[in-house]
Structure formats: structure tokens, C-alpha cells
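Containing mmCIF, C-alpha atoms and all ligand atoms: model_33.cif.
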data_upload
loop_
_atom_site.label_atom_id
_atom_site.label_comp_id
_atom_site.auth_asym_id
_atom_site.auth_seq_id
_atom_site.Cartn_x
_atom_site.Cartn_y
_atom_site.Cartn_z
CA MET L 165 100.46 24.97 103.61
CA LYS L 166 103.04 26.63 101.29
CA LYS L 167 106.69 25.72 101.75
CA ILE L 168 109.20 28.57 101.82
CA ALA L 169 112.99 28.36 102.00
CA ILE L 170 115.28 31.09 103.28
CA ILE L 171 118.98 30.94 102.39
CA GLY L 172 120.98 33.03 104.88
CA GLY L 173 120.51 33.24 108.63
CA GLY L 174 121.96 36.69 109.36
CA ILE L 175 119.84 39.55 110.64
CA ILE L 176 117.54 39.52 107.61
CA GLY L 177 116.91 35.78 107.44
CA MET L 178 116.49 35.33 111.17
CA THR L 179 114.10 38.28 111.53
CA LEU L 180 112.12 37.10 108.52
CA ALA L 181 111.82 33.61 110.03
CA ASN L 182 110.12 35.25 113.01
CA TYR L 183 107.73 37.48 111.06
CA ILE L 184 106.55 35.01 108.39
CA ASP L 185 103.09 33.72 109.17
CA THR L 186 103.68 30.07 110.07
CA THR L 187 99.96 29.29 109.74
CA GLN L 188 100.41 29.96 106.00
CA TYR L 189 104.00 28.79 105.47
CA GLU L 190 106.20 25.87 106.41
CA VAL L 191 109.59 27.60 106.82
CA ILE L 192 113.02 26.04 106.31
CA LEU L 193 116.13 28.19 106.82
CA PHE L 194 119.59 27.24 105.47
CA ASP L 195 122.62 28.92 106.97
CA SER L 196 126.25 28.00 106.39
CA GLN L 197 127.48 30.35 109.19
CA LYS L 198 130.41 31.46 107.05
CA ASN L 199 131.70 35.04 106.89
CA GLN L 200 128.62 36.25 108.64
CA ALA L 201 128.43 40.01 109.10
CA THR L 202 125.69 40.04 111.74
CA GLN L 203 127.67 38.07 114.34
CA ALA L 204 130.77 40.20 113.81
CA SER L 205 129.07 43.58 113.81
CA ALA L 206 129.64 46.58 116.05
CA GLY L 207 125.96 47.14 116.68
CA ILE L 208 125.51 50.89 116.35
CA ILE L 209 121.98 52.06 115.57
CA SER L 210 122.27 55.81 114.98
CA PRO L 211 121.95 56.77 111.31
CA TRP L 212 120.63 60.33 111.59
CA LEU L 213 123.86 62.34 111.31
CA SER L 214 125.47 60.25 108.58
CA LYS L 215 127.39 62.18 105.94
CA ARG L 216 125.76 60.13 103.19
CA ARG L 217 123.73 62.11 100.68
CA ASN L 218 121.67 59.24 99.27
CA LYS L 219 118.11 60.30 100.21
CA LYS L 220 116.54 56.86 99.66
CA TRP L 221 119.16 55.28 101.89
CA TYR L 222 118.48 57.89 104.59
CA GLN L 223 114.73 57.29 104.41
CA LEU L 224 115.32 53.54 104.86
CA ALA L 225 117.85 54.00 107.67
CA LYS L 226 115.61 56.50 109.48
CA ASP L 227 112.57 54.22 109.23
CA GLY L 228 114.76 51.21 110.13
CA ALA L 229 115.93 52.93 113.32
CA ALA L 230 112.36 53.96 114.18
CA PHE L 231 111.21 50.37 113.67
CA PHE L 232 113.27 49.20 116.68
CA GLU L 233 110.53 50.29 119.08
CA GLN L 234 108.21 47.72 117.47
CA LEU L 235 110.97 45.11 117.13
CA VAL L 236 111.77 45.27 120.86
CA ARG L 237 108.06 44.81 121.65
CA ASP L 238 107.43 42.05 119.11
CA PHE L 239 110.41 39.94 120.21
CA ASP L 240 110.83 40.98 123.87
CA LEU L 241 114.44 41.99 123.30
CA PRO L 242 116.27 42.21 126.66
CA ALA L 243 118.89 44.88 127.48
CA GLU L 244 121.76 42.44 126.80
CA VAL L 245 120.52 42.31 123.19
CA TYR L 246 119.32 45.87 122.52
CA GLU L 247 119.65 49.04 124.52
CA GLN L 248 118.88 52.64 123.75
CA CYS L 249 122.02 53.94 125.41
CA GLY L 250 122.40 57.15 123.35
CA THR L 251 125.28 58.23 121.12
CA LEU L 252 128.07 60.76 121.57
CA PHE L 253 129.83 62.48 118.67
CA LEU L 254 133.35 63.77 119.28
CA ARG L 255 134.34 66.47 116.79
CA GLU L 256 135.74 70.01 116.65
CA LEU L 257 133.35 72.56 118.19
CA ASP L 258 132.25 74.15 114.90
CA GLU L 259 131.47 70.71 113.48
CA LEU L 260 129.48 69.86 116.62
CA GLU L 261 127.43 73.05 116.15
CA ARG L 262 126.71 72.02 112.56
CA LEU L 263 125.72 68.49 113.65
CA LYS L 264 123.45 69.85 116.35
CA LYS L 265 121.63 71.99 113.77
CA LEU L 266 121.30 68.97 111.48
CA ALA L 267 120.01 66.79 114.34
CA LEU L 268 117.36 69.34 115.32
CA GLU L 269 116.31 69.72 111.68
CA ARG L 270 116.08 65.94 111.16
CA LYS L 271 114.27 65.45 114.45
CA LYS L 272 111.19 67.09 112.86
CA GLU L 273 110.79 63.95 110.72
CA ALA L 274 112.52 61.56 113.13
CA PRO L 275 111.37 62.28 116.70
CA GLU L 276 113.12 59.05 117.78
CA ILE L 277 116.40 61.03 117.68
CA GLY L 278 115.30 62.13 121.16
CA GLU L 279 117.19 64.65 123.19
CA VAL L 280 119.96 66.61 121.39
CA GLN L 281 122.50 68.23 123.66
CA LEU L 282 125.92 69.86 123.22
CA LEU L 283 128.09 68.64 126.10
CA SER L 284 130.93 70.52 127.73
CA PRO L 285 134.27 68.65 128.11
CA GLU L 286 133.39 67.87 131.75
CA GLU L 287 129.92 66.61 130.81
CA THR L 288 131.43 64.35 128.13
CA VAL L 289 133.47 62.63 130.85
CA ASP L 290 130.38 62.31 133.06
CA PHE L 291 128.61 60.47 130.23
CA PHE L 292 131.60 58.33 129.21
CA PRO L 293 134.30 58.28 131.92
CA LEU L 294 136.99 56.78 129.64
CA LEU L 295 137.03 59.81 127.33
CA LYS L 296 139.27 62.85 127.59
CA GLU L 297 137.75 66.23 128.42
CA LEU L 298 136.49 67.11 124.94
CA PRO L 299 133.27 68.72 123.77
CA SER L 300 130.70 66.38 122.26
CA LEU L 301 127.15 66.12 120.98
CA TYR L 302 124.75 63.74 122.72
CA ILE L 303 121.72 62.14 121.07
CA SER L 304 119.55 60.10 123.40
CA GLY L 305 117.82 58.00 120.68
CA GLY L 306 121.00 56.21 119.58
CA ALA L 307 121.24 52.53 120.48
CA ARG L 308 123.33 49.40 120.29
CA LEU L 309 122.35 45.92 119.23
CA ASP L 310 124.43 42.83 119.99
CA GLY L 311 124.15 41.00 116.66
CA LYS L 312 125.21 37.61 118.01
CA SER L 313 122.82 37.67 120.98
CA TYR L 314 120.04 38.94 118.71
CA LEU L 315 120.46 35.93 116.41
CA GLU L 316 120.50 33.51 119.36
CA HIS L 317 117.41 35.12 120.88
CA LEU L 318 115.51 35.03 117.58
CA LYS L 319 116.59 31.50 116.72
CA ARG L 320 115.05 30.19 119.95
CA ARG L 321 111.79 31.96 119.10
CA ALA L 322 111.80 30.72 115.50
CA ILE L 323 112.32 27.11 116.61
CA ALA L 324 109.38 27.49 118.99
CA ARG L 325 107.30 28.69 115.98
CA GLY L 326 108.17 25.53 114.06
CA VAL L 327 110.85 26.94 111.73
CA LYS L 328 113.28 24.23 110.61
CA PHE L 329 117.01 25.12 110.62
CA VAL L 330 119.62 23.47 108.42
CA THR L 331 123.15 24.57 109.31
CA GLU L 332 124.65 23.72 105.92
CA GLU L 333 125.62 25.50 102.72
CA ALA L 334 122.81 25.38 100.16
CA SER L 335 123.02 25.42 96.37
CA LEU L 336 120.27 26.53 94.03
CA ARG L 337 118.83 25.34 90.71
CA ARG L 338 115.75 25.98 88.62
CA VAL L 339 113.03 23.34 88.59
CA GLY L 340 110.68 24.47 85.85
CA GLU L 341 109.31 27.80 87.12
CA TYR L 342 110.31 27.04 90.68
CA TRP L 343 113.36 26.35 92.87
CA GLY L 344 115.44 23.36 93.88
CA ILE L 345 117.67 23.69 96.95
CA GLU L 346 120.29 21.17 97.91
CA SER L 347 122.58 20.87 100.92
CA VAL L 348 124.42 17.91 102.44
CA SER L 349 121.32 16.57 104.19
CA GLU L 350 118.44 18.17 102.24
CA ASN L 351 117.16 18.19 98.70
CA ILE L 352 113.89 20.11 98.41
CA GLU L 353 111.74 21.97 95.92
CA VAL L 354 109.87 25.13 96.86
CA LYS L 355 107.61 27.66 95.19
CA GLU L 356 108.75 30.46 97.48
CA LEU L 357 112.38 31.32 98.13
CA VAL L 358 114.16 34.18 99.88
CA LEU L 359 117.88 34.73 99.31
CA CYS L 360 119.51 36.84 102.03
CA ALA L 361 123.00 35.38 101.94
CA GLY L 362 125.12 38.53 102.23
CA PRO L 363 127.76 38.89 99.48
CA ALA L 364 127.38 35.15 98.64
CA LEU L 365 124.13 36.18 96.94
CA LYS L 366 126.24 36.83 93.85
CA ASN L 367 127.16 33.12 93.53
CA LEU L 368 123.64 31.91 94.27
CA LEU L 369 122.13 34.18 91.61
CA SER L 370 124.88 33.31 89.17
CA SER L 371 123.77 29.67 89.35
CA ILE L 372 120.37 30.74 87.97
CA ASP L 373 121.93 33.06 85.36
CA TYR L 374 121.87 36.47 86.98
CA GLU L 375 124.71 38.93 87.37
CA THR L 376 124.67 40.86 90.62
CA ASP L 377 126.50 44.05 91.53
CA VAL L 378 127.54 42.91 95.02
CA ARG L 379 131.02 42.56 96.47
CA PRO L 380 132.49 41.49 99.82
CA GLN L 381 134.10 43.95 102.21
CA LYS L 382 136.09 42.74 105.20
CA GLY L 383 135.36 44.33 108.58
CA GLN L 384 137.39 43.77 111.74
CA LEU L 385 136.74 44.99 115.22
CA LEU L 386 138.29 44.44 118.62
CA SER L 387 136.46 43.29 121.73
CA PHE L 388 137.88 44.03 125.20
CA GLU L 389 136.67 42.65 128.52
CA THR L 390 137.26 45.42 131.07
CA THR L 391 136.42 46.03 134.72
CA PHE L 392 134.69 49.36 133.98
CA ASP L 393 131.05 49.79 134.91
CA THR L 394 129.96 50.29 131.28
CA GLY L 395 126.24 49.56 131.91
CA ASN L 396 124.77 52.90 130.84
CA TRP L 397 127.58 54.40 128.76
CA PRO L 398 126.59 55.69 125.32
CA VAL L 399 128.21 54.67 122.04
CA ALA L 400 131.02 57.12 121.16
CA PHE L 401 131.52 58.11 117.52
CA LEU L 402 135.12 59.23 117.36
CA ASP L 403 136.53 61.13 114.40
CA GLY L 404 137.83 58.47 112.00
CA GLU L 405 137.07 54.72 111.69
CA ALA L 406 137.43 53.77 115.36
CA ASP L 407 134.26 54.03 117.43
CA LEU L 408 133.74 52.81 120.99
CA ILE L 409 130.71 50.65 121.66
CA PRO L 410 130.28 49.77 125.34
CA PHE L 411 128.07 46.80 126.23
CA GLN L 412 127.03 45.64 129.65
CA LYS L 413 129.42 44.00 132.14
CA GLY L 414 132.54 45.88 131.03
CA LYS L 415 132.63 44.74 127.41
CA ILE L 416 133.88 47.43 125.01
CA LEU L 417 134.03 47.03 121.24
CA LEU L 418 136.38 49.14 119.16
CA GLY L 419 135.84 49.25 115.45
CA ALA L 420 135.48 48.74 112.67
CA THR L 421 137.70 48.55 109.60
CA HIS L 422 136.38 48.76 106.02
CA GLU L 423 138.71 46.70 103.81
CA ASN L 424 137.67 46.61 100.18
CA GLU L 425 140.53 44.55 98.81
CA ALA L 426 140.46 41.63 101.27
CA GLY L 427 137.67 39.64 99.58
CA TRP L 428 136.44 36.72 101.72
CA ASP L 429 139.51 36.63 103.98
CA LEU L 430 138.60 36.31 107.67
CA LYS L 431 142.09 36.43 109.21
CA PRO L 432 142.51 38.96 112.04
CA THR L 433 145.42 41.29 111.30
CA GLN L 434 147.91 43.27 113.37
CA ALA L 435 147.41 46.18 110.94
CA ALA L 436 143.74 46.38 111.95
CA PHE L 437 144.71 46.28 115.64
CA GLU L 438 147.13 49.15 115.14
CA GLN L 439 144.78 51.21 113.01
CA LEU L 440 141.94 50.90 115.52
CA THR L 441 143.94 51.35 118.72
CA GLN L 442 145.89 54.32 117.33
CA GLY L 443 142.56 55.81 116.18
CA VAL L 444 141.20 55.73 119.72
CA GLU L 445 144.24 56.89 121.67
CA ARG L 446 143.82 60.61 121.16
CA PHE L 447 140.27 60.44 122.55
CA VAL L 448 140.69 58.34 125.69
CA ARG L 449 142.31 59.27 128.99
CA GLU L 450 142.54 55.65 130.15
CA SER L 451 143.90 53.38 127.42
CA SER L 452 145.14 50.50 129.59
CA PHE L 453 142.17 48.36 128.49
CA ILE L 454 143.68 48.30 125.00
CA LYS L 455 146.64 46.39 126.37
CA GLY L 456 144.37 43.80 128.01
CA ASN L 457 142.92 40.61 126.62
CA VAL L 458 141.58 41.26 123.12
CA GLN L 459 139.38 39.22 120.85
CA TYR L 460 138.89 39.97 117.19
CA ARG L 461 135.59 39.86 115.38
CA VAL L 462 135.85 39.57 111.64
CA GLY L 463 132.98 39.53 109.16
CA THR L 464 132.17 40.19 105.53
CA ARG L 465 129.78 42.99 104.59
CA ALA L 466 127.92 43.07 101.28
CA TYR L 467 128.33 46.19 99.16
CA THR L 468 126.78 47.47 95.95
CA SER L 469 128.31 50.15 93.71
CA ASP L 470 126.08 52.85 95.16
CA PHE L 471 126.41 51.54 98.74
CA ALA L 472 122.65 51.04 99.05
CA PRO L 473 120.65 47.94 100.01
CA PHE L 474 118.24 46.27 97.61
CA PHE L 475 115.37 43.97 98.48
CA GLY L 476 112.14 42.53 97.11
CA PRO L 477 110.78 40.16 94.47
CA ILE L 478 112.78 39.70 91.26
CA MET L 479 110.69 40.71 88.28
CA ASN L 480 109.70 37.97 85.82
CA GLU L 481 110.49 35.20 88.31
CA LYS L 482 107.95 33.31 90.37
CA GLY L 483 108.37 33.28 94.13
CA LEU L 484 111.94 34.61 94.22
CA ILE L 485 112.84 37.34 96.68
CA VAL L 486 116.28 38.78 97.45
CA ALA L 487 117.64 41.14 100.12
CA CYS L 488 121.27 42.21 100.19
CA GLY L 489 123.81 45.04 100.02
CA LEU L 490 123.27 46.24 103.57
CA GLY L 491 126.86 47.48 103.90
CA SER L 492 127.78 49.21 107.16
CA SER L 493 124.24 49.89 108.30
CA GLY L 494 122.74 46.40 108.10
CA LEU L 495 121.86 46.12 111.76
CA THR L 496 119.98 49.38 111.45
CA VAL L 497 117.99 48.52 108.31
CA GLY L 498 117.99 44.68 108.34
CA PRO L 499 115.09 44.06 110.76
CA TYR L 500 112.85 46.57 108.97
CA ILE L 501 113.67 45.11 105.54
CA ALA L 502 112.81 41.64 106.88
CA TYR L 503 109.55 42.98 108.29
CA LEU L 504 108.59 44.53 104.93
CA LEU L 505 109.39 41.26 103.13
CA ALA L 506 107.31 39.29 105.64
CA GLN L 507 104.36 41.67 105.12
CA HIS L 508 104.67 41.05 101.39
CA LEU L 509 104.71 37.27 101.88
CA ASN L 510 101.92 37.25 104.46
CA HIS L 511 99.69 39.54 102.34
CA PRO L 512 100.49 38.66 98.71
CA GLU L 513 97.35 40.49 97.53
CA GLU L 514 98.86 43.84 98.52
CA VAL L 515 101.01 45.80 96.04
CA TRP L 516 104.77 45.75 96.69
CA GLU L 517 105.70 49.43 96.71
CA VAL L 518 108.99 50.50 98.26
CA SER L 519 110.30 53.02 95.72
CA LYS L 520 110.90 55.59 98.46
CA TYR L 521 113.62 53.27 99.80
CA GLN L 522 115.45 52.07 96.70
CA LYS L 523 116.00 52.34 92.96
CA GLU L 524 114.37 49.75 90.72
CA MET L 525 116.42 46.55 91.13
CA ALA L 526 116.11 45.32 87.56
CA ASN L 527 118.87 46.69 85.30
CA TYR L 528 120.62 48.20 88.29
CA VAL L 529 121.98 45.60 90.71
CA ILE L 530 120.53 42.44 89.19
CA LYS L 531 120.65 41.65 85.47
CA LYS L 532 119.92 38.53 83.45
CA LYS L 533 123.20 37.28 81.97
CA ASP L 534 123.68 38.25 78.30
CA ASN L 535 123.56 34.66 77.08
CA GLN L 536 119.88 34.39 78.15
C1 LIG Q 601 132.87 44.47 111.58
C2 LIG Q 601 131.48 44.90 111.22
C3 LIG Q 601 130.87 45.94 111.94
C4 LIG Q 601 129.57 46.34 111.63
N1 LIG Q 601 128.96 47.32 112.38
C5 LIG Q 601 127.69 47.70 112.14
C6 LIG Q 601 127.04 48.69 112.95
O1 LIG Q 601 127.63 49.20 113.90
N2 LIG Q 601 125.78 49.06 112.64
C7 LIG Q 601 125.09 48.51 111.61
O2 LIG Q 601 123.93 48.90 111.37
N3 LIG Q 601 125.66 47.55 110.82
C8 LIG Q 601 126.95 47.15 111.06
N4 LIG Q 601 127.56 46.20 110.27
C9 LIG Q 601 126.84 45.72 109.09
C10 LIG Q 601 125.89 44.60 109.39
O3 LIG Q 601 126.47 43.70 110.29
C11 LIG Q 601 125.51 43.85 108.08
O4 LIG Q 601 125.14 44.77 107.07
C12 LIG Q 601 124.34 42.91 108.32
O5 LIG Q 601 124.59 42.12 109.46
C13 LIG Q 601 124.13 42.02 107.10
O6 LIG Q 601 123.10 41.10 107.41
P1 LIG Q 601 122.65 40.01 106.34
O7 LIG Q 601 121.55 39.25 106.99
O8 LIG Q 601 122.40 40.68 105.02
O9 LIG Q 601 123.95 39.11 106.08
P2 LIG Q 601 124.89 38.22 107.03
O10 LIG Q 601 124.77 38.62 108.45
O11 LIG Q 601 126.23 38.26 106.41
O12 LIG Q 601 124.27 36.78 106.88
C14 LIG Q 601 124.31 36.07 105.67
C15 LIG Q 601 124.32 34.59 106.01
O13 LIG Q 601 124.13 33.84 104.81
C16 LIG Q 601 124.87 32.65 104.92
N5 LIG Q 601 125.06 32.06 103.59
C17 LIG Q 601 125.71 32.60 102.52
N6 LIG Q 601 125.65 31.76 101.47
C18 LIG Q 601 124.96 30.66 101.87
C19 LIG Q 601 124.59 29.46 101.23
N7 LIG Q 601 124.88 29.19 99.95
N8 LIG Q 601 123.89 28.53 101.97
C20 LIG Q 601 123.57 28.77 103.27
N9 LIG Q 601 123.91 29.93 103.91
C21 LIG Q 601 124.58 30.86 103.22
C22 LIG Q 601 126.17 33.09 105.59
O14 LIG Q 601 126.81 32.00 106.21
C23 LIG Q 601 125.64 34.10 106.61
O15 LIG Q 601 125.39 33.46 107.84
C24 LIG Q 601 128.86 45.73 110.57
C25 LIG Q 601 129.46 44.70 109.84
C26 LIG Q 601 130.75 44.27 110.16
C27 LIG Q 601 131.37 43.14 109.39
#
Rendering of file as C-alpha cells:
Amino acid sequence: MKKIAIIGGGIIGMTLANYIDTTQYEVILFDSQKNQATQASAGIISPWLSKRRNKKWYQLAKDGAAFFEQLVRDFDLPAEVYEQCGTLFLRELDELERLKKLALERKKEAPEIGEVQLLSPEETVDFFPLLKELPSLYISGGARLDGKSYLEHLKRRAIARGVKFVTEEASLRRVGEYWGIESVSENIEVKELVLCAGPALKNLLSSIDYETDVRPQKGQLLSFETTFDTGNWPVAFLDGEADLIPFQKGKILLGATHENEAGWDLKPTQAAFEQLTQGVERFVRESSFIKGNVQYRVGTRAYTSDFAPFFGPIMNEKGLIVACGLGSSGLTVGPYIAYLLAQHLNHPEEVWEVSKYQKEMANYVIKKKDNQ
């Protein structure tokens, strides 16, 4: 039996721990539970109308969204964790017409977009009773994933498969051609290692003499418990940074901020509250919920200079795999990336070929330090 360590128990690490073949591998997962993005996230799965022009990113996000059908089946995800509730886009009418055209065009390659419908102001309110009478575009394939519940659900399954969890910070060192991992209670050597530690990947790789083009970005969102019957409301993409993400039992998330200068800081701020609540006010007819009991969620996203994820084996190293840089769309692409990595580990004889999803990692995001 080969021993494999995973450092990082966010959406990538936890999904991977459930797809790795445990008849081939003994799996140990280290997670420090610091600054985690997955637990803090908003949970929107709806990449098709993004303004981003990066074609490789779009291919990955499109395939990542399509992968959810299999993910739900493989892990029996209940509606509290994942629900295809649809998405609404609120924009000026001419912009909605443009988005509708784009959605119908993209649907040819991404049938999971589902139904595409321009809604009248009255219909918008029927779909999402909190909103003002404004025109909108509805896409039935959009979904929401509760990151925290997803991790809890998958952790239970991973434990049942024999995965060992160590809730401690791990450090890394080379042991000959292989890897030594140390935490407060563990000191192990492995031939196979996966690093999916969010922006902390930079420090881990630095300890084995790599420079990595990854930086932290703070994200804050607000969570309101309301008495509305939110059960089947869609996610609403408002114009600007504030989106409304209704979950079951009256919970509504409002977010999220993208703060590039805040580093690893996790403090909730009044400025974020104001930015998000002001952003939503012109779209909602009933804003009393904003004055109710609010909880903040704060997490740290990992960004690269070209805002695109990178994942796979590091060239010229034995048994070292990384996955990082998921940015704002990590819930959308994370499970699929983990699945691809698990296929690679479970079938090492097959060629690793994912160039349609990313640029070559070497000399782009990960470089050997000059002194090597
Ligand atoms: C506010 C907010 C809203 C978001 N909304 C959305 C959204 O609507 N849709 C979407 O698709 N994406 C969204 N995202 C992005 C998404 O959440 C992330 O891209 C994704 O969760 C990243 O997953 P990950 O597994 O790479 O990293 P993380 O979830 O950050 O997990 C990394 C883990 O590694 C651990 N770790 C780090 N270093 C060590 C170490 N040395 N030893 C042990 N453990 C270590 C950390 O403690 C952490 O638990 C949002 C993010 C934020 C912050």
C-alpha cells in the first residue's frame, strides 16, 4: 500500500480524499483550518456568462460546472449542501439581451446551462420576491453549494473510507527524492504528496526552494437569518460586487468583497458591511433583513497573476502534485480539479494531459529559486 499525504482540507483536498483509491493508497490529510476559503465562500456555481476572456479558464469552469451532476451522484449530496436553484442576472435591458444571446450561444457547448429566459419585472419578483420590479435573465442550470456543509459531508465519508485526518499545521522538507511532513503530533515520510493549501502553498513550496506566483485575497460576506421562505429562490447576480445567495430555511448570503491589499487579515470590517449592503439596496424592495442579526464570513482566496488555477505534478520532482490559484471560482472548479488529480493518482500509467485547461506550470507560476 502506498502512503499519500494531502496538505490542505478545503474543497480540493477533501474531494481528493474521497476520490483517491483507498485500496491502493493509505491517505493522511493535514489541515490547519486557518483562513480557509471554502468554509467562507458564497457558493455560486454559474460560470457561463462571466466577463472573463481567458479561454482555458472558461473551459475549466464550464467542465467544472458540468461535473456537478456526477459529484452529486458520487457523494449523495443533499439539497442542504447543493441545489440547482437557477441564477438571475439583474442588468439594464440591452445588457440582458446581450447576455441572453451569449447564453444561447454557449449552451451549444454547455447544455447544462438549461433554460434561458428573459423575465419581465413582474416575473423577476415571482422568482425572487425580495427584488424590486426589474427585468432580469434567468438561467435554470445555475446552482449553489454550501462550502461548509460540503466539507462536513465529505469528511464523514472520507473517515468511513479510512482516511486519517490531522487537524494541525504541517511543514515540509525534502528527504532524498521524497517528502518529510511534520506537524505537532506527526512526523512522516511519503513518496506521494499533494499540496492544496490555498495561498499558503507559497510558503510550503518556498521551504523546498520554489518560488510561486500566488497571493492572498481577503473576501468577506454577510449571512442573514430571515423568516422568508427562501427554499426555491435562485441566486441573484446584482450589478456590482454584492450578490444575493439564498439557502434553505431563510438564510441569505450577501457578498462578497475582493480585497487585494488585506493579506491574511481575517477581521470583519464595517467598510465591507457598508459596501455590500449599499450595493444591494437599489435592487431590493424589502431591505429590513439587512438590519437584522448578521454574521460575517471571512476567508482568503488564492490568486495568480493571470487569475487562473494551476494543478498537476511538478516536473522534475517525484510524487509531488500541487493545486492552487482557484480565485473566485474555486467552488465551481475545485471538485473537478480534485477528480482529475485522483484519476491521475489512481491510474499513474495514463498520460497527464490537461493543456486545454491551463498554461504549462513550469516557468509560469512555479519556478525553482535562482540559487538552485
Ligand atoms: C468570501 C468568499 C466567497 C467566495 N465565493 C465563491 C463562489 O460564490 N463561487 C465559487 O466558485 N468560489 C467562491 N469562492 C472561492 C472558493 O471558495 C475558493 O477558490 C476555494 O474554496 C479554494 O479551495 P482550496 O481547496 O484551494 O483552498 P481552501 O479552501 O482555502 O483550503 C486550503 C486549506 O489548506 C489549509 N492549510 C494551509 N496551509 C497549511 C499547512 N501548512 N498545513 C495544514 N493545512 C494547511 C488551510 O487551513 C485551509 O483549510 C469564494 C471565496 C471567498 C473567500
Could I get the residue neighbourhood of ligand LIG 601 (chain Q) at 6 Å, counting all atoms listed in the file, as number ranges by chain?
L: 171-177, 194-202, 204-209, 332-335, 360-362, 364, 383-385, 420, 462-465, 488, 490-496
For each of L:Gly483, L:Pro363, L:Pro410, L:Pro432, take the minimum atom-to-atom distance to L:Phe292, counting only C-alpha atoms, then give the residue where this is smallest.
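Ranked by minimum distance to L:Phe292, first place goes to L:Pro410.
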Please report as a Markdown table every residue of stretch 388-464 of chain L lying within 10 Å of stretch 245-267 of chain L, along with the nearest atom pair and their distance in Å (one decimal), using only C-alpha atoms.
| residue | atom | partner | partner_atom | distance |
| --- | --- | --- | --- | --- |
| L:Gly395 | CA | L:Cys249 | CA | 8.9 |
| L:Asn396 | CA | L:Cys249 | CA | 6.2 |
| L:Trp397 | CA | L:Cys249 | CA | 6.5 |
| L:Pro398 | CA | L:Gly250 | CA | 4.9 |
| L:Val399 | CA | L:Thr251 | CA | 4.7 |
| L:Ala400 | CA | L:Leu252 | CA | 4.7 |
| L:Phe401 | CA | L:Phe253 | CA | 4.8 |
| L:Leu402 | CA | L:Leu254 | CA | 5.2 |
| L:Asp403 | CA | L:Arg255 | CA | 6.2 |
| L:Gly404 | CA | L:Arg255 | CA | 10.0 |
| L:Asp407 | CA | L:Phe253 | CA | 9.6 |
| L:Leu408 | CA | L:Leu252 | CA | 9.8 |
| L:Ile409 | CA | L:Thr251 | CA | 9.3 |
| L:Pro410 | CA | L:Cys249 | CA | 9.3 |
| L:Phe411 | CA | L:Glu247 | CA | 8.9 |
| L:Gln412 | CA | L:Glu247 | CA | 9.6 |
| L:Phe447 | CA | L:Leu254 | CA | 8.3 |
Residue with smallest distance to L:Lys533 - pool L:Ile478, L:Thr187, L:Asp373, L:Pro380, counting only C-alpha atoms:
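Nearest to L:Lys533: L:Asp373.
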Atom CA of L:Glu405 to atom CA of L:Leu440: how many Å, to one decimal?
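Separating atom CA of L:Glu405 from atom CA of L:Leu440 is a distance of 7.3 Å.
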Could you give me, as a ChimeraX atom specification, the residues that sit within 10 Å of (137.4, 45.3, 98.0) in the file's coordinates, counting only C-alpha atoms?
/L:379-382,422-428,467
Using all atoms listed in the file: which of L:Thr288, L:Gln203, L:Ser304, L:Ser347 has the shortest distance to L:Lys271
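Among the listed residues, L:Ser304 lies closest to L:Lys271.
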To one decimal place, how far is atom CA of L:Leu369 from atom CA of L:Ala225 in Å?
25.9 Å
Neighbours of L:Lys219 within 10 Å (only C-alpha atoms; same-chain residues fewer than 4 positions away dropped), as a PyMOL selection string?
chain L and resi 223-225+520-522
For atom CA of L:Gly498 and atom CA of L:Arg337, determine how far apart the two atoms are, in Å to one decimal place.
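Atom CA of L:Arg337 lies 26.2 Å from atom CA of L:Gly498.
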